[in-house]
file upload.txt (compact mmCIF, C-alpha atoms)
# COMPACT_ATOMS: atom_id res chain seq x y z
CA MET Z 25 73.66 91.09 76.83
CA GLU Z 26 72.47 94.14 78.74
CA VAL Z 27 75.26 95.71 80.78
CA TYR Z 28 74.35 98.29 83.43
CA VAL Z 29 76.72 100.54 85.33
CA PRO Z 30 74.88 102.09 88.28
CA PHE Z 31 75.99 105.62 89.08
CA ASP Z 32 75.22 108.00 91.94
CA ALA Z 33 75.12 111.35 90.13
CA THR Z 34 74.26 113.41 93.19
CA ALA Z 35 76.58 112.72 96.15
CA PRO Z 36 79.05 110.04 95.14
CA LYS Z 37 82.07 108.76 97.06
CA ARG Z 38 81.29 110.34 100.42
CA ARG Z 39 83.96 108.26 102.14
CA LEU Z 40 86.63 110.15 100.19
CA GLU Z 41 85.63 113.42 101.87
CA SER Z 42 88.83 113.58 103.94
CA VAL Z 43 90.91 113.95 100.77
CA LEU Z 44 88.51 115.35 98.14
CA SER Z 45 86.00 118.22 98.18
CA SER Z 46 82.42 117.62 97.15
CA ASP Z 47 83.04 118.98 93.64
CA GLU Z 48 86.18 116.89 93.34
CA ARG Z 49 84.31 113.76 94.41
CA GLN Z 50 81.75 114.43 91.71
CA ALA Z 51 84.49 114.88 89.12
CA PHE Z 52 86.52 111.87 90.25
CA ALA Z 53 83.44 109.62 90.35
CA ARG Z 54 82.65 110.59 86.76
CA THR Z 55 86.26 109.91 85.78
CA MET Z 56 86.15 106.43 87.29
CA LEU Z 57 82.85 105.84 85.49
CA ARG Z 58 84.58 106.74 82.23
CA ASP Z 59 87.30 104.15 82.86
CA VAL Z 60 84.72 101.47 83.62
CA LEU Z 61 82.75 102.32 80.47
CA ASP Z 62 85.96 102.22 78.41
CA ALA Z 63 86.75 98.76 79.75
CA ILE Z 64 83.26 97.47 78.95
CA THR Z 65 83.19 98.91 75.44
CA GLY Z 66 86.76 97.67 74.97
CA ALA Z 67 85.42 94.18 75.61
CA GLY Z 68 82.95 94.65 72.76
CA LEU Z 69 79.91 95.23 74.96
CA SER Z 70 77.48 98.15 75.03
CA PRO Z 71 76.98 99.50 78.54
CA THR Z 72 74.11 101.65 79.78
CA VAL Z 73 74.64 103.94 82.75
CA LEU Z 74 71.87 103.53 85.32
CA SER Z 75 72.10 106.90 86.97
CA THR Z 76 70.26 108.79 89.70
CA GLY Z 77 70.55 111.93 87.57
CA PRO Z 78 71.96 113.34 84.33
CA VAL Z 79 75.56 112.47 83.54
CA ALA Z 80 77.50 113.31 80.38
CA VAL Z 81 78.86 110.11 78.87
CA ASP Z 82 79.16 108.65 75.39
CA VAL Z 83 76.77 105.78 76.09
CA PRO Z 84 73.03 105.60 76.83
CA VAL Z 85 71.89 106.73 80.28
CA THR Z 86 68.78 105.46 82.04
CA ILE Z 87 67.70 107.77 84.85
CA ASP Z 88 66.25 106.13 87.94
CA GLU Z 89 66.17 108.20 91.09
CA ARG Z 90 65.44 105.28 93.37
CA ASP Z 91 67.99 103.46 95.49
CA LEU Z 92 70.42 101.10 93.85
CA THR Z 93 68.56 97.90 94.71
CA PRO Z 94 65.11 98.71 93.25
CA ALA Z 95 66.72 100.43 90.25
CA VAL Z 96 68.80 97.36 89.39
CA ASN Z 97 65.98 94.92 90.14
CA ASP Z 98 63.73 96.82 87.77
CA ARG Z 99 66.31 96.27 85.03
CA LEU Z 100 66.60 92.59 85.94
CA ALA Z 101 62.81 92.18 85.89
CA SER Z 102 62.39 93.77 82.49
CA ALA Z 103 65.37 92.18 80.75
CA SER Z 104 64.86 89.66 77.99
CA GLY Z 105 68.24 87.94 78.38
CA VAL Z 106 71.49 88.02 80.29
CA VAL Z 107 72.10 91.10 82.44
CA ALA Z 108 75.46 92.21 83.80
CA VAL Z 109 75.83 94.88 86.49
CA VAL Z 110 79.26 96.40 86.99
CA MET Z 111 79.90 99.07 89.61
CA ALA Z 112 81.14 102.49 88.51
CA ASP Z 113 83.99 102.70 91.04
CA LEU Z 114 86.22 100.00 89.57
CA PRO Z 115 88.89 101.95 87.68
CA LEU Z 116 91.29 99.02 87.73
CA VAL Z 117 89.03 97.02 85.42
CA THR Z 118 90.31 96.32 81.92
CA PRO Z 119 88.62 94.86 78.83
CA ALA Z 120 90.25 91.51 79.69
CA THR Z 121 88.69 91.59 83.15
CA VAL Z 122 85.27 92.28 81.67
CA GLU Z 123 85.76 89.38 79.27
CA ARG Z 124 86.62 87.07 82.17
CA LEU Z 125 83.48 88.25 83.96
CA VAL Z 126 81.06 87.60 81.13
CA ASP Z 127 82.77 84.33 80.15
CA THR Z 128 82.46 82.85 83.64
CA PRO Z 129 79.76 80.16 83.79
CA GLY Z 130 76.93 80.08 86.30
CA ASP Z 131 73.25 80.96 86.54
CA VAL Z 132 74.58 83.92 88.49
CA VAL Z 133 78.15 85.23 88.59
CA LEU Z 134 79.01 87.21 91.73
CA VAL Z 135 82.23 89.15 92.24
CA PRO Z 136 82.93 90.38 95.78
CA GLY Z 137 84.32 93.79 96.60
CA LEU Z 138 86.70 94.54 99.42
CA GLY Z 139 84.74 94.55 102.67
CA GLY Z 140 81.94 92.27 101.55
CA GLY Z 141 80.17 94.24 98.86
CA THR Z 142 79.23 92.97 95.42
CA ASN Z 143 81.19 94.64 92.63
CA ALA Z 144 79.80 92.76 89.65
CA VAL Z 145 76.89 90.48 88.87
CA VAL Z 146 76.01 88.51 85.77
CA ALA Z 147 72.44 87.22 85.95
CA ARG Z 148 71.61 84.51 83.44
CA ASP Z 149 68.53 83.35 85.30
CA PRO Z 150 65.56 85.73 85.00
CA THR Z 151 64.47 85.18 88.61
CA PHE Z 152 67.63 86.51 90.29
CA ARG Z 153 67.26 89.77 92.20
CA VAL Z 154 69.86 91.88 94.01
CA ASP Z 155 69.97 93.34 97.51
CA TYR Z 156 72.87 95.78 97.70
CA HIS Z 157 74.36 96.93 101.02
CA GLY Z 158 77.70 96.78 102.81
CA GLY Z 159 77.92 93.02 103.21
CA SER Z 160 75.80 92.12 100.21
CA ILE Z 161 77.99 89.35 98.80
CA ARG Z 162 76.81 86.92 101.50
CA ASP Z 163 73.18 87.77 100.84
CA HIS Z 164 73.58 87.45 97.11
CA ARG Z 165 75.09 84.01 97.59
CA ALA Z 166 72.20 83.10 99.90
CA ILE Z 167 69.59 84.39 97.45
CA ALA Z 168 71.12 82.25 94.69
CA ARG Z 169 71.30 79.22 96.98
CA ARG Z 170 67.66 79.54 98.01
CA GLN Z 171 66.67 79.58 94.35
CA ASP Z 172 68.92 76.61 93.47
CA LEU Z 173 70.94 78.75 91.07
CA THR Z 174 74.54 77.83 90.29
CA VAL Z 175 76.96 80.58 91.31
CA GLY Z 176 80.15 81.44 89.47
CA THR Z 177 82.75 83.85 90.71
CA VAL Z 178 85.76 85.63 89.26
CA ASP Z 179 88.97 85.73 91.25
CA SER Z 180 90.10 89.18 90.12
CA TYR Z 181 91.89 91.87 92.05
CA ARG Z 182 90.90 94.37 89.36
CA LEU Z 183 87.20 93.61 89.80
CA SER Z 184 87.34 93.33 93.60
CA VAL Z 185 89.14 96.59 94.37
CA ASP Z 186 86.46 99.26 94.49
CA VAL Z 187 87.56 102.79 95.25
CA ASP Z 188 85.66 103.91 98.33
CA GLU Z 189 88.23 105.05 100.87
CA PRO Z 190 91.50 107.02 100.74
CA PRO Z 191 93.80 103.97 100.97
CA ASP Z 192 92.20 102.63 97.77
CA LEU Z 193 93.58 105.55 95.75
CA VAL Z 194 97.08 104.11 95.81
CA GLU Z 195 95.86 101.05 93.90
CA VAL Z 196 94.71 103.35 91.09
CA LEU Z 197 98.07 105.12 90.90
CA LEU Z 198 100.07 101.89 91.09
CA HIS Z 199 98.13 99.64 88.74
CA THR Z 200 96.37 101.73 86.10
CA ASP Z 201 97.18 104.44 83.60
CA GLY Z 202 93.64 105.44 82.65
CA HIS Z 203 91.65 108.60 83.19
CA SER Z 204 91.34 108.07 86.95
CA ALA Z 205 95.08 107.74 87.52
CA GLU Z 206 95.64 110.82 85.37
CA TRP Z 207 92.96 112.74 87.31
CA LEU Z 208 94.57 111.86 90.64
CA SER Z 209 97.98 112.81 89.36
CA ASP Z 210 96.67 116.10 87.96
CA HIS Z 211 95.15 116.85 91.36
CA GLY Z 212 98.41 116.41 93.21
CA PHE Z 213 98.11 112.82 94.39
CA ARG Z 214 101.32 110.82 94.57
CA VAL Z 215 102.31 107.46 95.96
CA GLU Z 216 103.89 108.34 99.29
CA PRO Z 217 107.57 107.76 99.92
CA ASP Z 218 108.25 104.27 101.04
CA THR Z 219 107.15 102.87 104.35
CA ALA Z 220 107.47 99.53 106.07
CA GLY Z 221 103.81 98.66 105.53
CA ARG Z 222 101.32 99.44 102.81
CA VAL Z 223 101.94 102.63 100.92
CA ALA Z 224 99.26 105.31 100.68
CA VAL Z 225 98.85 108.51 98.71
CA THR Z 226 99.92 111.99 99.66
CA ARG Z 227 98.50 115.11 98.13
CA GLY Z 228 100.69 117.98 97.06
CA PRO Z 229 100.31 120.93 94.68
CA GLN Z 230 98.19 120.25 91.63
CA GLY Z 231 100.02 120.05 88.35
CA MET R 224 110.25 74.12 90.98
CA GLU R 225 111.41 75.41 94.34
CA VAL R 226 108.61 77.12 96.27
CA TYR R 227 109.49 79.23 99.30
CA VAL R 228 107.11 80.67 101.85
CA PRO R 229 108.94 83.30 103.93
CA PHE R 230 107.81 83.43 107.55
CA ASP R 231 108.58 85.79 110.42
CA ALA R 232 108.68 83.39 113.38
CA THR R 233 109.52 86.01 115.97
CA ALA R 234 107.19 89.05 115.84
CA PRO R 235 104.73 88.54 113.01
CA LYS R 236 101.71 90.67 112.11
CA ARG R 237 102.46 93.68 114.29
CA ARG R 238 99.79 95.74 112.56
CA LEU R 239 97.12 93.47 114.04
CA GLU R 240 98.10 94.51 117.57
CA SER R 241 94.90 96.50 118.09
CA VAL R 242 92.84 93.31 117.86
CA LEU R 243 95.24 90.46 118.75
CA SER R 244 97.73 89.97 121.59
CA SER R 245 101.33 89.08 120.82
CA ASP R 246 100.70 85.39 121.50
CA GLU R 247 97.57 85.48 119.37
CA ARG R 248 99.44 87.14 116.51
CA GLN R 249 102.02 84.34 116.68
CA ALA R 250 99.29 81.71 116.62
CA PHE R 251 97.27 83.37 113.87
CA ALA R 252 100.35 83.90 111.68
CA ARG R 253 101.15 80.18 111.97
CA THR R 254 97.54 79.35 111.11
CA MET R 255 97.66 81.48 107.97
CA LEU R 256 100.96 79.84 107.06
CA ARG R 257 99.25 76.47 107.33
CA ASP R 258 96.53 77.55 104.90
CA VAL R 259 99.11 78.80 102.42
CA LEU R 260 101.10 75.56 102.67
CA ASP R 261 97.89 73.55 102.18
CA ALA R 262 97.10 75.51 99.02
CA ILE R 263 100.59 74.96 97.62
CA THR R 264 100.69 71.24 98.37
CA GLY R 265 97.11 71.02 97.06
CA ALA R 266 98.47 72.30 93.76
CA GLY R 267 100.96 69.41 93.69
CA LEU R 268 103.99 71.49 94.69
CA SER R 269 106.40 71.01 97.58
CA PRO R 270 106.89 74.21 99.57
CA THR R 271 109.73 75.02 101.92
CA VAL R 272 109.19 77.52 104.73
CA LEU R 273 111.95 80.12 104.80
CA SER R 274 111.73 81.13 108.43
CA THR R 275 113.54 83.46 110.81
CA GLY R 276 113.25 80.77 113.49
CA PRO R 277 111.85 77.33 114.27
CA VAL R 278 108.25 76.71 113.26
CA ALA R 279 106.32 73.45 113.50
CA VAL R 280 104.96 72.56 110.06
CA ASP R 281 104.68 69.40 107.97
CA VAL R 282 107.08 70.63 105.28
CA PRO R 283 110.82 71.40 105.25
CA VAL R 284 111.95 74.58 107.02
CA THR R 285 115.05 76.56 106.11
CA ILE R 286 116.12 78.89 108.90
CA ASP R 287 117.57 82.23 107.87
CA GLU R 288 117.62 84.96 110.50
CA ARG R 289 118.36 87.74 108.06
CA ASP R 290 115.81 90.16 106.66
CA LEU R 291 113.39 88.96 104.03
CA THR R 292 115.24 90.42 101.03
CA PRO R 293 118.70 88.84 101.58
CA ALA R 294 117.11 85.57 102.70
CA VAL R 295 115.04 85.28 99.52
CA ASN R 296 117.85 86.49 97.28
CA ASP R 297 120.11 83.81 98.70
CA ARG R 298 117.53 81.20 97.63
CA LEU R 299 117.27 82.79 94.19
CA ALA R 300 121.05 82.83 93.79
CA SER R 301 121.49 79.20 94.74
CA ALA R 302 118.51 77.77 92.83
CA SER R 303 119.04 75.55 89.83
CA GLY R 304 115.68 76.24 88.20
CA VAL R 305 112.42 78.09 88.64
CA VAL R 306 111.78 79.61 92.06
CA ALA R 307 108.40 80.72 93.39
CA VAL R 308 108.02 82.86 96.51
CA VAL R 309 104.59 83.08 98.08
CA MET R 310 103.92 85.15 101.20
CA ALA R 311 102.67 83.43 104.35
CA ASP R 312 99.81 85.87 105.02
CA LEU R 313 97.60 84.93 102.08
CA PRO R 314 94.93 82.70 103.64
CA LEU R 315 92.53 83.28 100.74
CA VAL R 316 94.81 81.40 98.36
CA THR R 317 93.54 78.08 97.01
CA PRO R 318 95.26 75.33 95.01
CA ALA R 319 93.62 76.78 91.88
CA THR R 320 95.17 80.18 92.60
CA VAL R 321 98.60 78.61 93.02
CA GLU R 322 98.13 76.79 89.72
CA ARG R 323 97.26 80.06 87.98
CA LEU R 324 100.39 81.62 89.49
CA VAL R 325 102.83 78.97 88.33
CA ASP R 326 101.13 78.60 84.93
CA THR R 327 101.44 82.32 84.13
CA PRO R 328 104.14 82.98 81.53
CA GLY R 329 106.97 85.47 81.94
CA ASP R 330 110.66 85.55 82.85
CA VAL R 331 109.30 86.90 86.12
CA VAL R 332 105.73 86.76 87.41
CA LEU R 333 104.84 89.45 89.94
CA VAL R 334 101.60 89.59 91.93
CA PRO R 335 100.90 92.84 93.80
CA GLY R 336 99.50 92.99 97.29
CA LEU R 337 97.10 95.63 98.56
CA GLY R 338 99.05 98.81 99.17
CA GLY R 339 101.85 98.16 96.73
CA GLY R 340 103.64 95.16 98.18
CA THR R 341 104.58 92.01 96.28
CA ASN R 342 102.63 88.95 97.40
CA ALA R 343 104.05 86.37 95.01
CA VAL R 344 106.97 86.04 92.63
CA VAL R 345 107.87 83.37 90.11
CA ALA R 346 111.44 83.80 88.90
CA ARG R 347 112.29 81.83 85.77
CA ASP R 348 115.37 83.90 84.98
CA PRO R 349 118.34 83.16 87.28
CA THR R 350 119.41 86.83 87.43
CA PHE R 351 116.25 88.22 89.03
CA ARG R 352 116.59 89.46 92.60
CA VAL R 353 113.97 90.86 95.00
CA ASP R 354 113.85 94.03 97.08
CA TYR R 355 110.93 93.75 99.51
CA HIS R 356 109.45 96.79 101.25
CA GLY R 357 106.09 98.60 101.44
CA GLY R 358 105.89 99.67 97.80
CA SER R 359 108.01 96.89 96.37
CA ILE R 360 105.84 96.02 93.37
CA ARG R 361 107.02 99.12 91.49
CA ASP R 362 110.65 98.34 92.23
CA HIS R 363 110.26 94.71 91.21
CA ARG R 364 108.77 95.82 87.91
CA ALA R 365 111.65 98.29 87.46
CA ILE R 366 114.26 95.64 88.27
CA ALA R 367 112.75 93.33 85.66
CA ARG R 368 112.58 96.14 83.10
CA ARG R 369 116.23 97.10 83.62
CA GLN R 370 117.23 93.49 82.97
CA ASP R 371 114.99 93.17 79.90
CA LEU R 372 112.96 90.43 81.54
CA THR R 373 109.36 89.81 80.48
CA VAL R 374 106.92 90.29 83.35
CA GLY R 375 103.72 88.31 83.84
CA THR R 376 101.11 89.07 86.43
CA VAL R 377 98.10 87.31 87.90
CA ASP R 378 94.88 89.24 88.37
CA SER R 379 93.75 87.48 91.54
CA TYR R 380 91.94 88.86 94.53
CA ARG R 381 92.93 85.75 96.49
CA LEU R 382 96.63 86.35 95.85
CA SER R 383 96.48 90.12 96.28
CA VAL R 384 94.68 90.28 99.62
CA ASP R 385 97.35 89.90 102.28
CA VAL R 386 96.22 89.99 105.88
CA ASP R 387 98.11 92.82 107.56
CA GLU R 388 95.53 95.08 109.15
CA PRO R 389 92.25 94.57 111.05
CA PRO R 390 89.96 95.37 108.09
CA ASP R 391 91.57 92.47 106.19
CA LEU R 392 90.19 89.94 108.66
CA VAL R 393 86.71 90.25 107.26
CA GLU R 394 87.95 88.96 103.89
CA VAL R 395 89.09 85.77 105.63
CA LEU R 396 85.73 85.24 107.31
CA LEU R 397 83.73 86.03 104.17
CA HIS R 398 85.69 84.15 101.53
CA THR R 399 87.45 81.17 103.09
CA ASP R 400 86.64 78.21 105.29
CA GLY R 401 90.19 77.10 106.09
CA HIS R 402 92.17 77.03 109.33
CA SER R 403 92.46 80.84 109.49
CA ALA R 404 88.72 81.44 109.27
CA GLU R 405 88.16 78.76 111.89
CA TRP R 406 90.83 80.31 114.15
CA LEU R 407 89.21 83.73 113.90
CA SER R 408 85.79 82.28 114.59
CA ASP R 409 87.11 80.30 117.56
CA HIS R 410 88.61 83.51 118.94
CA GLY R 411 85.35 85.40 118.84
CA PHE R 412 85.64 87.24 115.53
CA ARG R 413 82.43 87.76 113.60
CA VAL R 414 81.44 89.75 110.55
CA GLU R 415 79.85 92.86 112.02
CA PRO R 416 76.18 93.59 111.55
CA ASP R 417 75.51 95.33 108.33
CA THR R 418 76.60 98.86 107.57
CA ALA R 419 76.29 101.15 104.60
CA GLY R 420 79.98 100.81 103.69
CA ARG R 421 82.47 98.00 103.96
CA VAL R 422 81.84 95.55 106.74
CA ALA R 423 84.51 94.80 109.33
CA VAL R 424 84.90 92.28 112.10
CA THR R 425 83.83 92.55 115.70
CA ARG R 426 85.25 90.47 118.49
CA GLY R 427 83.06 88.89 121.11
CA PRO R 428 83.45 86.01 123.55
CA GLN R 429 85.58 83.13 122.33
CA GLY R 430 83.73 79.99 121.48
call {"tool": "encode", "arguments": {"input": "upload.txt", "output": "structure tokens"}}
result
Amino acid sequence: MEVYVPFDATAPKRRLESVLSSDERQAFARTMLRDVLDAITGAGLSPTVLSTGPVAVDVPVTIDERDLTPAVNDRLASASGVVAVVMADLPLVTPATVERLVDTPGDVVLVPGLGGGTNAVVARDPTFRVDYHGGSIRDHRAIARRQDLTVGTVDSYRLSVDVDEPPDLVEVLLHTDGHSAEWLSDHGFRVEPDTAGRVAVTRGPQG
Amino acid sequence: MEVYVPFDATAPKRRLESVLSSDERQAFARTMLRDVLDAITGAGLSPTVLSTGPVAVDVPVTIDERDLTPAVNDRLASASGVVAVVMADLPLVTPATVERLVDTPGDVVLVPGLGGGTNAVVARDPTFRVDYHGGSIRDHRAIARRQDLTVGTVDSYRLSVDVDEPPDLVEVLLHTDGHSAEWLSDHGFRVEPDTAGRVAVTRGPQG
């Protein structure tokens, strides 16, 4: 199985700009990527990073400067077997989650992200193509339906929580102990003192 | 197994006040409750609503005007066997999700909600007590640890997405077709036209 992790090496995680500087967003995005790669390799698979530019990781990197959709579709078109695509901003993912993903039946397996995105795809049919954007999960379902492909899904909080916006950071601190949680902690992020509703993060001195 | 669904019959879902009137919040909360009860009965279980006041449903209702924590702990203290507690604002839950919940091993099973809450509990040990608040999942884990209880969890997007805030509504429209999705649609809510990031809902004329 070919497993691709798309990565924006140039200006990642713009929606975290209220809490992280540009350099910090670069560093944090790479840290989340590391957690995702660890989970995939921990599941016995060999990921390739599909990156818009150079990135230092311990796995192969394919550079493709195009947008996400054509870059992924090129991989789908040239693959000789099953292709999985797992987003790089899923630091809650564990090896067990990755195993659930690749063990789920279906010509296509689609895992939604919060807010209608598509966080993971497993394409077992060579004709499936992606169309990534904000509400892509509906379109991916429609594409599969039009082609009479069976669609599997994975009901997983760990796969569906992508880290895009400041409130997402608390999920990393509460439910993981990987590199991303350590990075946030080292950069002063803490779960805020208790509130009546959802808790968020606060940022204090680094340490 | 005793299955309780706590319900605030008086002023539910205050954090939806920017998009729903007080009467609408009452109606929508009851609609979500109905979806949760359907999922539980669909899994072959018999839920009881643990409500702060009268509510018209097709299952037994226990009225307890106290706060959530003492009301639930009273049920835990008086139970003769396994007790499950499932929140009323989880309209994405299906019978299959409920089955996963009650089939998960552990002296206590804890399912987090977005933002650190606790969306579902299965207590198989008679000594376990709850302490609900914004970041309760950490405290529930700590309570279990202090009592040397084994803790199971369920990695489920459908159980972890509680509907508290306006951005949550899009998850209901995108991933369910139950009473809650129908209610939102009937009250003019639509998935907004596509954006680069997460999609949200817009509200137009009812119909």
call {"tool": "closest_residue", "arguments": {"input": "upload.txt", "among": "R:Leu273, R:Ala302, R:Met224, R:Ala423", "to": "chain Z", "atoms": "only C-alpha atoms"}}
result
R:Ala423
call {"tool": "atom_distance", "arguments": {"input": "upload.txt", "atom1": "atom CA of Gly265 of chain R", "atom2": "atom CA of Pro318 of chain R"}}
result
5.1 Å
call {"tool": "atom_distance", "arguments": {"input": "upload.txt", "atom1": "atom CA of Gly139 of chain Z", "atom2": "atom CA of Leu382 of chain R"}}
result
16.0 Å
call {"tool": "interface_residues", "arguments": {"input": "upload.txt", "of": "chain R", "to": "chain Z", "cutoff": "9 Å", "atoms": "only C-alpha atoms", "output": "ChimeraX atom specification"}}
result
/R:238,320,335-340,356-361,377-384,387,390-391,393-394,397-398,414,416-423
call {"tool": "residues_around", "arguments": {"input": "upload.txt", "residues": "Glu206 of chain Z", "least_positions_apart": "3", "cutoff": "12 Å", "atoms": "all atoms listed in the file", "output": "ChimeraX atom specification"}}
result
/Z:52,55-56,59,115,193,196-203,209-214,230-231
call {"tool": "residues_near_point", "arguments": {"input": "upload.txt", "point": "(105.4, 80.6, 92.0)", "cutoff": "8 Å", "atoms": "all atoms listed in the file", "output": "compact mmCIF listing (two decimals) with C-alpha atoms, keeping the file's coordinate frame"}}
result
# COMPACT_ATOMS: atom_id res chain seq x y z
CA VAL R 226 108.61 77.12 96.27
CA VAL R 306 111.78 79.61 92.06
CA ALA R 307 108.40 80.72 93.39
CA VAL R 308 108.02 82.86 96.51
CA VAL R 309 104.59 83.08 98.08
CA VAL R 321 98.60 78.61 93.02
CA LEU R 324 100.39 81.62 89.49
CA VAL R 325 102.83 78.97 88.33
CA VAL R 332 105.73 86.76 87.41
CA ALA R 343 104.05 86.37 95.01
CA VAL R 344 106.97 86.04 92.63
CA VAL R 345 107.87 83.37 90.11
CA ALA R 346 111.44 83.80 88.90
call {"tool": "atom_distance", "arguments": {"input": "upload.txt", "atom1": "atom CA of Glu322 of chain R", "atom2": "atom CA of Met111 of chain Z"}}
result
28.8 Å
call {"tool": "closest_residue", "arguments": {"input": "upload.txt", "among": "Z:Val154, Z:Leu100, Z:Leu92, Z:Leu134", "to": "Ile167 of chain Z", "atoms": "only C-alpha atoms"}}
result
Z:Val154
